[in-house]
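Visitor: Pasting target-v2.txt below, which is compact mmCIF, C-alpha atoms.
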```txt
# COMPACT_ATOMS: atom_id res chain seq x y z
CA MET A 778 -15.38 8.86 21.48
CA SER A 779 -13.11 7.31 24.06
CA ARG A 780 -10.13 9.29 22.90
CA ASN A 781 -9.50 12.69 21.45
CA TRP A 782 -10.67 12.49 17.85
CA ALA A 783 -8.00 14.98 16.74
CA ARG A 784 -5.32 12.47 17.77
CA SER A 785 -6.71 9.74 15.56
CA LEU A 786 -5.76 9.34 11.92
CA ARG A 787 -9.42 9.65 10.97
CA GLY A 788 -9.77 12.92 12.87
CA ARG A 789 -6.54 14.38 11.50
CA VAL A 790 -7.43 13.56 7.91
CA THR A 791 -10.91 15.01 8.39
CA LEU A 792 -9.45 18.18 9.91
CA VAL A 793 -6.93 18.58 7.08
CA ALA A 794 -9.59 17.95 4.41
CA THR A 795 -11.92 20.48 6.06
CA LEU A 796 -9.17 23.12 6.24
CA ILE A 797 -8.23 22.53 2.61
CA ALA A 798 -11.89 22.85 1.61
CA ALA A 799 -12.14 26.12 3.54
CA ILE A 800 -8.91 27.46 2.02
CA LEU A 801 -10.17 26.65 -1.47
CA LEU A 802 -13.85 27.54 -1.12
CA VAL A 803 -13.56 30.88 0.72
CA PRO A 804 -11.50 32.58 -2.04
CA VAL A 805 -13.76 30.99 -4.65
CA GLY A 806 -16.82 32.39 -2.86
CA ILE A 807 -15.26 35.85 -2.58
CA GLY A 808 -14.32 35.74 -6.24
CA ALA A 809 -17.80 34.56 -7.22
CA VAL A 810 -19.43 37.43 -5.29
CA THR A 811 -17.05 39.96 -6.81
CA VAL A 812 -17.57 38.68 -10.35
CA THR A 813 -21.33 38.56 -9.88
CA ARG A 814 -21.48 42.11 -8.56
CA THR A 815 -19.23 43.36 -11.35
CA TRP A 816 -21.28 41.59 -14.02
CA VAL A 817 -24.62 42.87 -12.64
CA ALA A 818 -23.26 46.41 -12.32
CA ALA A 819 -21.95 46.28 -15.89
CA SER A 820 -25.30 44.97 -17.14
CA VAL A 821 -27.19 47.74 -15.31
CA ALA A 822 -24.81 50.39 -16.66
CA THR A 823 -25.27 49.04 -20.18
CA ASP A 824 -29.06 49.13 -19.87
CA THR A 825 -29.17 52.71 -18.53
CA ARG A 826 -26.67 53.92 -21.11
CA ASN A 827 -28.58 52.37 -24.01
CA THR A 828 -31.80 53.95 -22.81
CA ALA A 829 -30.21 57.36 -22.27
CA GLU A 830 -28.51 57.34 -25.69
CA ARG A 831 -31.75 56.37 -27.47
CA ILE A 832 -33.65 59.20 -25.76
CA ALA A 833 -30.81 61.63 -26.56
CA ALA A 834 -30.82 60.53 -30.21
CA GLU A 835 -34.59 61.08 -30.48
CA THR A 836 -34.27 64.49 -28.82
CA ARG A 837 -31.41 65.39 -31.13
CA ASP A 838 -33.60 64.41 -34.09
CA GLY A 839 -36.25 66.94 -33.03
CA THR A 840 -38.70 64.73 -31.20
CA GLN A 841 -41.10 66.82 -29.14
CA TRP A 842 -42.20 65.28 -25.88
CA ARG A 843 -45.88 65.99 -25.49
CA GLY A 844 -46.82 67.28 -22.08
CA GLY A 845 -43.23 66.88 -21.01
CA ARG A 846 -43.66 63.10 -20.72
CA VAL A 847 -41.06 60.61 -21.93
CA ALA A 848 -42.09 57.03 -22.56
CA ALA A 849 -39.85 54.44 -20.88
CA LEU A 850 -38.26 52.44 -23.71
CA ASP A 851 -36.95 49.70 -21.35
CA PRO A 852 -39.14 48.51 -18.45
CA THR A 853 -36.01 47.82 -16.41
CA VAL A 854 -34.95 51.49 -16.75
CA PRO A 855 -38.08 53.44 -15.74
CA LEU A 856 -36.42 56.64 -14.46
CA ILE A 857 -35.85 59.19 -17.26
CA GLN A 858 -35.31 62.95 -17.07
CA ILE A 859 -34.35 65.53 -19.72
CA VAL A 860 -32.73 68.55 -18.10
CA ALA A 861 -32.06 71.89 -19.78
CA PRO A 862 -28.74 73.74 -19.32
CA ASP A 863 -30.29 75.94 -16.66
CA GLY A 864 -31.23 72.88 -14.59
CA THR A 865 -34.90 72.84 -15.52
CA ILE A 866 -36.47 69.42 -16.04
CA THR A 867 -38.13 69.70 -19.45
CA ALA A 868 -39.38 66.13 -19.79
CA VAL A 869 -39.75 63.19 -17.42
CA SER A 870 -41.00 59.60 -17.37
CA ASP A 871 -43.97 58.58 -15.27
CA ALA A 872 -41.79 56.76 -12.75
CA ALA A 873 -39.66 59.86 -12.17
CA LEU A 874 -42.52 62.34 -12.16
CA ALA A 875 -42.45 63.07 -8.43
CA MET A 876 -38.70 62.82 -8.06
CA PRO A 877 -36.25 65.69 -7.91
CA ARG A 878 -33.37 65.94 -10.32
CA LEU A 879 -31.74 62.50 -10.34
CA THR A 880 -28.16 63.78 -10.13
CA ASP A 881 -26.07 66.92 -10.48
CA VAL A 882 -23.60 65.21 -12.80
CA TRP A 883 -23.30 67.24 -16.06
CA PRO A 884 -21.48 65.69 -19.04
CA THR A 885 -19.11 67.91 -20.98
CA PRO A 886 -18.75 68.08 -24.79
CA ASP A 887 -15.57 66.03 -24.47
CA ASN A 888 -17.13 63.46 -22.14
CA ARG A 889 -20.70 63.06 -23.36
CA VAL A 890 -21.55 59.91 -21.37
CA ILE A 891 -21.14 59.51 -17.59
CA SER A 892 -22.35 56.58 -15.50
CA THR A 893 -22.73 57.08 -11.79
CA THR A 894 -24.46 55.84 -8.65
CA ARG A 895 -26.48 57.94 -6.23
CA CYS A 896 -27.74 56.65 -2.91
CA LEU A 897 -30.80 58.31 -1.42
CA PRO A 898 -31.95 57.68 2.16
CA LYS A 899 -34.02 54.62 1.16
CA VAL A 900 -32.68 53.57 -2.20
CA CYS A 901 -29.62 53.59 -4.41
CA LEU A 902 -29.91 54.55 -8.07
CA HIS A 903 -27.73 53.53 -10.98
CA LEU A 904 -27.70 56.39 -13.52
CA THR A 905 -26.28 57.29 -16.90
CA ALA A 906 -26.11 60.90 -18.09
CA VAL A 907 -25.83 61.51 -21.87
CA ARG A 908 -25.32 64.96 -23.45
CA VAL A 909 -27.68 65.42 -26.37
CA SER A 910 -25.12 67.37 -28.47
CA PRO A 911 -21.73 69.04 -28.10
CA ALA A 912 -23.41 72.48 -28.25
CA ALA A 913 -23.08 74.70 -25.23
CA ASN A 914 -26.89 74.90 -24.79
CA SER A 915 -27.33 71.12 -25.07
CA SER A 916 -29.74 69.34 -22.77
CA VAL A 917 -28.76 66.22 -20.84
CA VAL A 918 -30.73 62.97 -20.69
CA TYR A 919 -30.66 61.02 -17.44
CA ALA A 920 -31.72 57.38 -17.36
CA GLY A 921 -31.65 55.30 -14.26
CA ARG A 922 -33.05 52.45 -12.24
CA ARG A 923 -33.08 51.25 -8.71
CA ALA A 924 -30.14 49.06 -7.72
CA PRO A 925 -30.93 45.34 -8.15
CA GLY A 926 -31.28 43.30 -4.98
CA VAL A 927 -27.87 41.72 -5.68
CA LEU A 928 -26.22 45.14 -5.45
CA ALA A 929 -28.54 46.85 -3.00
CA GLY A 930 -27.80 44.74 0.07
CA HIS A 931 -25.71 41.85 1.35
CA THR A 932 -28.05 39.06 0.26
CA LEU A 933 -25.53 37.68 -2.23
CA GLU A 934 -22.76 37.59 0.36
CA THR A 935 -25.05 35.95 2.91
CA VAL A 936 -26.26 33.25 0.52
CA THR A 937 -22.74 32.57 -0.72
CA SER A 938 -21.40 32.35 2.84
CA ILE A 939 -24.11 29.88 3.81
CA GLU A 940 -23.39 27.74 0.74
CA ILE A 941 -19.65 27.73 1.48
CA LEU A 942 -20.27 26.74 5.11
CA ILE A 943 -22.55 23.92 3.95
CA LEU A 944 -19.93 22.69 1.45
CA ILE A 945 -17.18 22.80 4.08
CA ALA A 946 -19.40 20.91 6.53
CA LEU A 947 -20.27 18.34 3.86
CA THR A 948 -16.57 17.92 3.06
CA GLY A 949 -15.77 17.27 6.71
CA TRP A 950 -18.69 14.86 7.12
CA ALA A 951 -17.89 13.00 3.89
CA THR A 952 -14.21 12.69 4.83
CA TRP A 953 -15.07 11.49 8.32
CA THR A 954 -17.51 8.91 6.93
CA ILE A 955 -15.22 7.70 4.14
CA MET A 956 -12.21 7.44 6.46
CA GLY A 957 -14.32 5.55 8.97
CA ARG A 958 -15.33 3.01 6.34
CA ALA A 959 -11.80 2.82 4.94
CA LEU A 960 -10.24 2.26 8.38
CA ARG A 961 -12.87 -0.20 9.56
CA PRO A 962 -10.81 -3.17 8.30
CA VAL A 963 -7.78 -1.76 10.15
CA ALA A 964 -9.78 -1.64 13.38
CA ALA A 965 -10.90 -5.22 12.76
CA MET A 966 -7.30 -6.31 12.13
CA ARG A 967 -6.17 -4.59 15.31
CA ALA A 968 -8.86 -6.31 17.36
CA GLN A 969 -7.93 -9.68 15.87
CA LEU A 970 -4.21 -9.07 16.50
CA ASP A 971 -4.96 -8.16 20.13
CA GLU A 972 -6.63 -11.56 20.54
CA ILE A 973 -3.63 -13.46 19.14
CA ASN A 974 -1.11 -14.59 21.74
CA ALA A 975 2.11 -16.55 21.75
CA SER A 976 0.36 -19.79 22.73
CA ASP A 977 -1.76 -19.78 19.56
CA LEU A 978 -0.25 -18.22 16.46
CA SER A 979 -2.45 -20.17 14.04
CA ARG A 980 -5.07 -17.44 13.77
CA ARG A 981 -5.00 -14.91 10.95
CA VAL A 982 -6.51 -11.48 10.39
CA THR A 983 -9.37 -11.08 7.93
CA GLN A 984 -8.09 -10.04 4.52
CA PRO A 985 -10.33 -7.62 2.55
CA THR A 986 -11.63 -9.01 -0.72
CA ARG A 987 -10.74 -5.90 -2.70
CA ASP A 988 -7.25 -5.51 -4.11
CA ASP A 989 -5.89 -2.38 -2.41
CA GLU A 990 -3.35 -1.23 0.17
CA LEU A 991 -5.38 -2.63 3.09
CA ALA A 992 -5.50 -6.04 1.44
CA GLY A 993 -1.73 -5.84 1.01
CA LEU A 994 -1.34 -4.88 4.68
CA ALA A 995 -3.50 -7.82 5.76
CA ALA A 996 -1.49 -10.16 3.53
CA SER A 997 1.77 -8.87 5.06
CA ILE A 998 0.39 -9.29 8.59
CA ASN A 999 -0.74 -12.84 7.82
CA GLY A 1000 2.64 -13.58 6.27
CA THR A 1001 4.38 -12.30 9.41
CA LEU A 1002 2.08 -14.38 11.61
CA ALA A 1003 2.81 -17.43 9.46
CA ARG A 1004 6.55 -16.89 9.86
CA LEU A 1005 6.15 -16.40 13.61
CA GLU A 1006 4.08 -19.57 13.78
CA ARG A 1007 6.72 -21.50 11.86
CA SER A 1008 9.44 -20.10 14.11
CA ALA A 1009 7.51 -21.03 17.25
CA HIS A 1010 6.83 -24.47 15.82
CA GLN A 1011 10.51 -24.90 15.04
CA GLN A 1012 11.42 -23.90 18.57
CA ARG A 1013 8.92 -26.35 20.01
CA GLN A 1014 10.10 -29.00 17.56
CA PHE A 1015 13.71 -28.35 18.53
CA ALA A 1016 12.91 -28.72 22.22
CA SER A 1017 10.86 -31.86 21.57
CA ASP A 1018 13.49 -33.41 19.31
CA ALA A 1019 16.31 -32.59 21.68
CA SER A 1020 14.52 -33.97 24.74
CA HIS A 1021 13.44 -37.11 22.85
CA GLU A 1022 16.67 -38.00 21.07
CA LEU A 1023 19.13 -36.91 23.73
CA ARG A 1024 17.36 -38.80 26.51
CA THR A 1025 18.33 -42.28 25.24
CA PRO A 1026 22.13 -41.81 24.89
CA ILE A 1027 22.31 -39.76 28.05
CA ALA A 1028 20.39 -42.42 29.96
CA GLY A 1029 22.66 -45.14 28.56
CA LEU A 1030 25.78 -43.17 29.42
CA ARG A 1031 24.50 -42.47 32.94
CA ALA A 1032 23.63 -46.12 33.47
CA GLN A 1033 27.12 -47.22 32.47
CA LEU A 1034 28.79 -44.67 34.74
CA GLU A 1035 26.56 -45.51 37.68
CA SER A 1036 27.25 -49.21 37.17
CA ALA A 1037 30.99 -48.51 37.09
CA GLN A 1038 30.66 -46.44 40.26
CA LEU A 1039 28.76 -49.21 42.08
CA TYR A 1040 30.93 -52.08 40.85
CA PRO A 1041 34.37 -50.65 40.12
CA ASP A 1042 36.12 -54.03 40.42
CA ASP A 1043 33.83 -55.63 37.85
CA THR A 1044 34.08 -52.76 35.33
CA ASP A 1045 36.14 -53.10 32.15
CA LEU A 1046 37.59 -49.59 31.90
CA ASP A 1047 38.49 -49.83 28.22
CA ALA A 1048 35.02 -51.07 27.28
CA LEU A 1049 33.43 -48.38 29.44
CA VAL A 1050 35.47 -45.60 27.85
CA SER A 1051 34.81 -46.91 24.33
CA SER A 1052 31.07 -47.13 24.98
CA ALA A 1053 31.01 -43.69 26.60
CA LEU A 1054 32.85 -42.19 23.64
CA ARG A 1055 30.36 -43.76 21.22
CA ASP A 1056 27.47 -42.29 23.16
CA THR A 1057 29.27 -38.95 23.33
CA ASP A 1058 29.87 -39.00 19.58
CA ARG A 1059 26.20 -39.71 19.00
CA LEU A 1060 25.20 -36.89 21.35
CA GLU A 1061 27.53 -34.52 19.53
CA ALA A 1062 26.17 -35.55 16.13
CA ILE A 1063 22.56 -35.10 17.25
CA ILE A 1064 23.24 -31.69 18.81
CA THR A 1065 25.16 -30.54 15.72
CA ASP A 1066 22.29 -31.55 13.42
CA LEU A 1067 19.67 -29.98 15.69
CA LEU A 1068 21.57 -26.69 15.80
CA LEU A 1069 21.93 -26.77 12.01
CA LEU A 1070 18.18 -27.26 11.66
CA ALA A 1071 17.57 -24.35 14.03
CA ARG A 1072 19.93 -22.08 12.05
CA ILE A 1073 18.29 -23.03 8.76
CA GLY A 1074 14.84 -22.28 10.14
CA SER A 1075 15.86 -18.90 11.59
CA ARG A 1076 17.93 -17.97 8.50
CA VAL A 1077 21.03 -17.24 10.56
CA ASP A 1078 23.20 -18.27 7.63
CA ALA A 1079 22.76 -15.53 5.05
CA ALA A 1080 26.12 -15.56 3.25
CA MET A 1081 24.58 -16.14 -0.18
CA GLU A 1082 26.93 -16.63 -3.10
CA ARG A 1083 26.97 -18.04 -6.61
CA VAL A 1084 27.57 -21.78 -6.46
CA ASP A 1085 28.30 -24.07 -9.41
CA LEU A 1086 26.50 -27.31 -8.52
CA GLY A 1087 28.65 -29.40 -10.87
CA GLU A 1088 31.84 -28.07 -9.31
CA LEU A 1089 30.39 -28.59 -5.82
CA VAL A 1090 29.66 -32.26 -6.62
CA ARG A 1091 33.15 -32.85 -8.00
CA GLU A 1092 34.74 -31.27 -4.91
CA GLU A 1093 32.66 -33.43 -2.60
CA LEU A 1094 33.37 -36.66 -4.47
CA SER A 1095 37.11 -35.92 -4.50
CA VAL A 1096 37.33 -36.11 -0.69
CA ARG A 1097 35.04 -39.13 -0.17
CA ASN A 1098 36.16 -42.76 0.04
CA ASP A 1099 32.91 -44.59 -0.62
CA LYS A 1100 33.13 -48.31 -1.31
CA ILE A 1101 30.24 -48.02 -3.75
CA PRO A 1102 31.33 -46.54 -7.11
CA VAL A 1103 29.75 -43.20 -8.06
CA ARG A 1104 28.73 -42.49 -11.66
CA LEU A 1105 28.85 -38.74 -12.33
CA ALA A 1106 27.09 -36.82 -15.11
CA ALA A 1107 27.42 -33.13 -14.22
CA GLU A 1108 27.08 -30.29 -16.69
CA ASP A 1109 29.16 -27.14 -16.26
CA GLY A 1110 27.64 -23.75 -15.61
CA VAL A 1111 24.63 -24.89 -13.54
CA ILE A 1112 24.70 -21.94 -11.13
CA VAL A 1113 22.51 -21.21 -8.09
CA ASN A 1114 22.52 -18.55 -5.39
CA GLY A 1115 22.94 -20.14 -1.99
CA VAL A 1116 24.96 -20.82 1.13
CA ARG A 1117 27.80 -23.07 -0.02
CA LEU A 1118 28.19 -24.91 3.31
CA GLN A 1119 24.48 -25.70 3.50
CA LEU A 1120 24.31 -26.91 -0.10
CA SER A 1121 27.40 -29.01 0.53
CA ARG A 1122 25.64 -30.50 3.58
CA VAL A 1123 22.64 -31.43 1.42
CA LEU A 1124 24.91 -33.21 -1.06
CA THR A 1125 26.78 -34.98 1.74
CA ASN A 1126 23.56 -36.18 3.37
CA LEU A 1127 22.16 -37.44 0.05
CA LEU A 1128 25.42 -39.26 -0.77
CA ASP A 1129 25.61 -40.76 2.76
CA ASN A 1130 22.03 -41.93 2.44
CA ALA A 1131 22.71 -43.42 -0.99
CA ALA A 1132 25.91 -45.14 0.22
CA ARG A 1133 24.03 -46.81 3.09
CA HIS A 1134 21.36 -48.24 0.77
CA ALA A 1135 23.15 -48.86 -2.56
CA ASP A 1136 24.06 -52.37 -3.69
CA ARG A 1137 26.36 -51.83 -6.69
CA TYR A 1138 26.43 -48.16 -7.73
CA ILE A 1139 25.42 -44.54 -7.05
CA ARG A 1140 24.56 -42.16 -9.87
CA VAL A 1141 24.81 -38.34 -9.48
CA SER A 1142 23.65 -35.92 -12.20
CA VAL A 1143 23.54 -32.12 -12.49
CA GLU A 1144 21.68 -30.35 -15.29
CA PRO A 1145 19.61 -27.23 -16.04
CA GLN A 1146 15.92 -27.78 -16.59
CA ASP A 1147 13.19 -25.16 -17.29
CA GLY A 1148 14.96 -22.36 -15.42
CA LEU A 1149 15.92 -24.65 -12.53
CA ALA A 1150 19.15 -26.28 -11.44
CA VAL A 1151 18.50 -30.00 -10.92
CA LEU A 1152 20.74 -32.24 -8.79
CA ALA A 1153 19.74 -35.92 -8.66
CA VAL A 1154 21.30 -38.68 -6.48
CA GLU A 1155 20.22 -42.21 -7.37
CA ASN A 1156 21.12 -45.63 -5.98
CA ASP A 1157 20.23 -49.20 -6.90
CA GLY A 1158 19.11 -50.19 -3.42
CA ALA A 1159 15.59 -50.83 -2.17
CA GLU A 1160 12.80 -48.79 -3.70
CA ILE A 1161 10.92 -46.33 -1.50
CA ALA A 1162 7.19 -46.94 -1.32
CA GLU A 1163 5.08 -44.02 -2.48
CA ASP A 1164 3.41 -43.74 0.93
CA ASP A 1165 6.83 -43.29 2.58
CA ARG A 1166 8.23 -40.66 0.20
CA GLU A 1167 7.21 -37.75 2.43
CA ARG A 1168 7.54 -39.49 5.78
CA ILE A 1169 11.25 -40.10 5.33
CA PHE A 1170 11.86 -36.33 5.43
CA GLU A 1171 10.42 -36.10 8.94
CA ARG A 1172 12.90 -35.79 11.79
CA PHE A 1173 14.17 -39.00 13.36
CA THR A 1174 12.24 -41.12 10.87
CA ARG A 1175 13.75 -44.34 9.57
CA LEU A 1176 12.00 -46.93 7.48
CA ASP A 1177 11.86 -50.35 9.15
CA ALA A 1178 13.62 -52.03 6.23
CA ALA A 1179 16.59 -49.69 6.59
CA ARG A 1180 17.11 -49.59 10.34
CA SER A 1181 19.86 -52.16 10.23
CA ARG A 1182 21.82 -50.06 7.74
CA ASP A 1183 21.24 -46.74 9.57
CA ALA A 1184 23.14 -47.61 12.69
CA GLY A 1185 25.04 -44.55 13.86
CA GLY A 1186 22.87 -42.08 11.98
CA THR A 1187 20.97 -39.31 13.72
CA GLY A 1188 17.81 -39.61 11.67
CA LEU A 1189 18.09 -35.93 10.74
CA GLY A 1190 20.01 -36.07 7.46
CA LEU A 1191 17.07 -35.99 5.05
CA ALA A 1192 15.19 -33.50 7.27
CA ILE A 1193 18.18 -31.17 7.11
CA ALA A 1194 18.44 -31.61 3.34
CA ARG A 1195 14.72 -30.81 2.87
CA ASP A 1196 14.90 -27.71 5.11
CA VAL A 1197 17.96 -26.38 3.26
CA ALA A 1198 16.21 -26.86 -0.07
CA VAL A 1199 13.11 -25.00 1.11
CA ALA A 1200 15.23 -22.21 2.66
CA HIS A 1201 16.85 -21.73 -0.77
CA GLY A 1202 13.50 -21.46 -2.53
CA GLY A 1203 13.69 -24.99 -3.93
CA ALA A 1204 12.42 -28.49 -3.23
CA LEU A 1205 13.77 -31.93 -2.43
CA THR A 1206 11.61 -34.86 -3.48
CA VAL A 1207 11.72 -38.61 -4.08
CA GLU A 1208 10.91 -39.63 -7.64
CA ASP A 1209 10.12 -42.92 -9.30
CA CYS A 1210 13.18 -45.08 -9.97
CA GLN A 1211 12.99 -48.63 -11.24
CA GLY A 1212 15.09 -50.83 -9.00
CA GLY A 1213 16.33 -48.17 -6.59
CA ALA A 1214 15.74 -44.76 -4.99
CA ARG A 1215 16.11 -41.33 -6.62
CA PHE A 1216 16.35 -38.06 -4.68
CA VAL A 1217 16.01 -34.86 -6.76
CA LEU A 1218 16.98 -31.37 -5.57
CA ARG A 1219 15.56 -28.48 -7.60
CA LEU A 1220 16.77 -24.91 -7.00
CA PRO A 1221 16.15 -21.63 -8.86
CA SER A 1222 18.86 -21.15 -11.47
CA ALA A 1223 21.12 -18.11 -11.24
CA ALA A 1224 23.08 -18.64 -14.45
CA ARG A 1225 24.16 -15.40 -16.15
CA THR A 1226 22.42 -14.64 -19.39
CA PRO A 1227 24.82 -14.23 -22.34
CA GLU A 1228 25.70 -10.65 -23.12
```
Render the structure in this file as structure tokens.

Guide:
Amino acid sequence: MSRNWARSLRGRVTLVATLIAAILLVPVGIGAVTVTRTWVAASVATDTRNTAERIAAETRDGTQWRGGRVAALDPTVPLIQIVAPDGTITAVSDAALAMPRLTDVWPTPDNRVISTTRCLPKVCLHLTAVRVSPAANSSVVYAGRRAPGVLAGHTLETVTSIEILILIALTGWATWTIMGRALRPVAAMRAQLDEINASDLSRRVTQPTRDDELAGLAASINGTLARLERSAHQQRQFASDASHELRTPIAGLRAQLESAQLYPDDTDLDALVSSALRDTDRLEAIITDLLLLARIGSRVDAAMERVDLGELVREELSVRNDKIPVRLAAEDGVIVNGVRLQLSRVLTNLLDNAARHADRYIRVSVEPQDGLAVLAVENDGAEIAEDDRERIFERFTRLDAARSRDAGGTGLGLAIARDVAVAHGGALTVEDCQGGARFVLRLPSAARTPE
């Protein structure tokens, strides 16, 4: 690997998982070995004791062992000796025929059964000594067997250790493999992000098809890229709009001033000043609208508050002096969350647009509708063709039929209104209206539910 694997998330997770596996498996292995040894030792002790007690019972019942031979009752316990009080072996099994006395342990009348272990140079024996009777001259029966392989050496510990090491290694390998597959989409996203630059923000990272945290991360990254793309587009649009719209009045103003400078005696100062002020006013209006569009796009204005649309309309109409009468139908309690100044600007732009195009009246309505707050501004002027209903919201767009009425406008009013609506989570559209134009603003309602 090109970098230290322990510094990567994949390496750290693998290391932690391996350590946890070792911490868990090692005590389990030790416990398993201990339990196994204890269980085998208990089983061996039980077998030798049962055999010794059966031989002692038969001896106590008067059984005579012909030729001093004792038959092994359990093949797993072949070593049997019957020893007299003086230490003489009076009877023995075939397996113990050539062996010396198995042990010097001698049970007492109060402790008739003793289990013990005796290790000879080449073998360890597990033995049980049982006193035939409490009498002082009682014989003792010894029954024993060689230690099983589990107890005789370290085979069990070796096998268990190997199994634990294999499990720990498998845990590390599995974690490394799984993390590699899980992080593969992250590596792909990183490579794709590295290829994205400021000149082209239209590209997106690949979003996994499964619904998990990585898919959520990819969606968030794509959302961020989309916002960056919109912001860059708005910046480019701002620069383009400013250079395009400011060039004409500036050029006109410069031409007038240069003409006055070249021909001062032929210049009407009052006319020059009036014309220059008109151009200056237009420049100021365009710059103000462009800056407002930039603030809306960058969400600089964030002073959200509860706004009653009906009250907002009444306040706006109270300070206007339109020649065209306005018919108002506004319900109370139609509340939205928004920036009051921006919403007021939307209303002003819609009313200004309606006033420029209306013939006899303007109608304004405010009402709740399916969880939305709906503000509609309608006029009885020329209808807007369906093909033009989106184009009129583009910046500096005026329909040919309305150019004569739009003198003095910046061409940004409807664009500003649309951007404010979108920034507030709503929409501004043109709807069908027989014999006129109808603009409808829909915003999410924020009316309080009754307690």

Visitor: Find the residue from A:Leu1046, A:Ala1162, A:Leu1152, A:Val1197 that sits nearest to A:Arg1219; use all atoms listed in the file when measuring.

Guide: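 For A:Arg1219, the nearest of the candidates is A:Leu1152.
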
Visitor: In Å, rounded to a single decimal, give me how far atom CA of A:Ile1064 is from atom CA of A:Asp1045.

Guide: 28.3 Å

Visitor: Counting only C-alpha atoms, what are the residues of stretch 909-978 of chain A within 12 Å of stretch 841-854 of chain A, and for each of them which pair of atoms is the nearest and at what distance in Å, to one decimal? Sort the table by chain and rising number, as CSV.

Guide:
```
residue,atom,partner,partner_atom,distance
A:Val918,CA,A:Val847,CA,10.7
A:Tyr919,CA,A:Val854,CA,10.5
A:Ala920,CA,A:Val854,CA,6.7
A:Gly921,CA,A:Val854,CA,5.6
A:Arg922,CA,A:Val854,CA,5.0
A:Arg923,CA,A:Val854,CA,8.3
A:Ala924,CA,A:Val854,CA,10.5
A:Pro925,CA,A:Thr853,CA,10.0
```

Visitor: Restricting the calculation to all atoms listed in the file: of A:Asp989, A:Glu1144, A:Glu1061, A:Asp1157, which residue gets closest to A:Ala1132?

Guide: A:Asp1157

Visitor: At what distance in Å, to one decimal, does atom CA of A:Gln1012 lie from atom CA of A:Leu1069?

Guide: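 Going from atom CA of A:Leu1069 over to atom CA of A:Gln1012, I get 12.7 Å.
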
Visitor: Just want the 9 Å neighbourhood of stretch 1116-1119 of chain A, counted on all atoms listed in the file, with same-chain residues fewer than 4 positions away dropped. Output as JSON, numbers by chain.

Guide: {"A": [1069, 1073, 1078, 1079, 1080, 1081, 1082, 1083, 1084, 1089, 1123, 1124, 1194, 1197, 1201]}

Visitor: Would you work out the distance separating atom CA of A:Asp1209 from atom CA of A:Lys1100, expressed in Å to one decimal?

Guide: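 Those two atoms sit 24.9 Å apart.
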
Visitor: Nearest to A:Ala965 among A:Asn827, A:Ser916, A:Thr952, A:Thr983, with distances taken over only C-alpha atoms: which residue is it?

Guide: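 Checking each candidate against A:Ala965, we get A:Thr983 as the closest.
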
Visitor: Could you check the closest approach to A:Met956 for each of A:Gly1213, A:Gly926, A:Gly1190, A:Gly788 and tell me which residue wins, using only C-alpha atoms?

Guide: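 Result for the nearest residue to A:Met956: A:Gly788.
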
Visitor: Rebuild stretch 879-889 of chain A so that it carries N, CA and C atoms, then output the result as a short mmCIF file (atom, residue, chain, number, x, y, z; two decimals), in the coordinates of the input.

Guide:
```
data_model
loop_
_atom_site.label_atom_id
_atom_site.label_comp_id
_atom_site.auth_asym_id
_atom_site.auth_seq_id
_atom_site.Cartn_x
_atom_site.Cartn_y
_atom_site.Cartn_z
N LEU A 879 -32.35 63.77 -10.73
CA LEU A 879 -31.74 62.50 -10.34
C LEU A 879 -30.30 62.68 -9.88
N THR A 880 -29.55 63.58 -10.50
CA THR A 880 -28.16 63.78 -10.13
C THR A 880 -27.70 65.14 -10.65
N ASP A 881 -26.65 65.65 -10.04
CA ASP A 881 -26.07 66.92 -10.48
C ASP A 881 -24.96 66.71 -11.50
N VAL A 882 -24.67 65.48 -11.83
CA VAL A 882 -23.60 65.21 -12.80
C VAL A 882 -23.98 65.81 -14.14
N TRP A 883 -23.02 66.57 -14.77
CA TRP A 883 -23.30 67.24 -16.06
C TRP A 883 -22.19 66.88 -17.05
N PRO A 884 -22.49 66.07 -18.05
CA PRO A 884 -21.48 65.69 -19.04
C PRO A 884 -20.97 66.88 -19.81
N THR A 885 -19.72 66.85 -20.19
CA THR A 885 -19.11 67.91 -20.98
C THR A 885 -19.09 67.51 -22.45
N PRO A 886 -18.82 68.45 -23.35
CA PRO A 886 -18.75 68.08 -24.79
C PRO A 886 -17.69 67.01 -25.06
N ASP A 887 -16.63 67.02 -24.25
CA ASP A 887 -15.57 66.03 -24.47
C ASP A 887 -15.88 64.68 -23.80
N ASN A 888 -16.76 64.69 -22.86
CA ASN A 888 -17.13 63.46 -22.14
C ASN A 888 -18.65 63.39 -22.07
N ARG A 889 -19.26 62.96 -23.18
CA ARG A 889 -20.70 63.06 -23.36
C ARG A 889 -21.48 62.04 -22.53
#
```
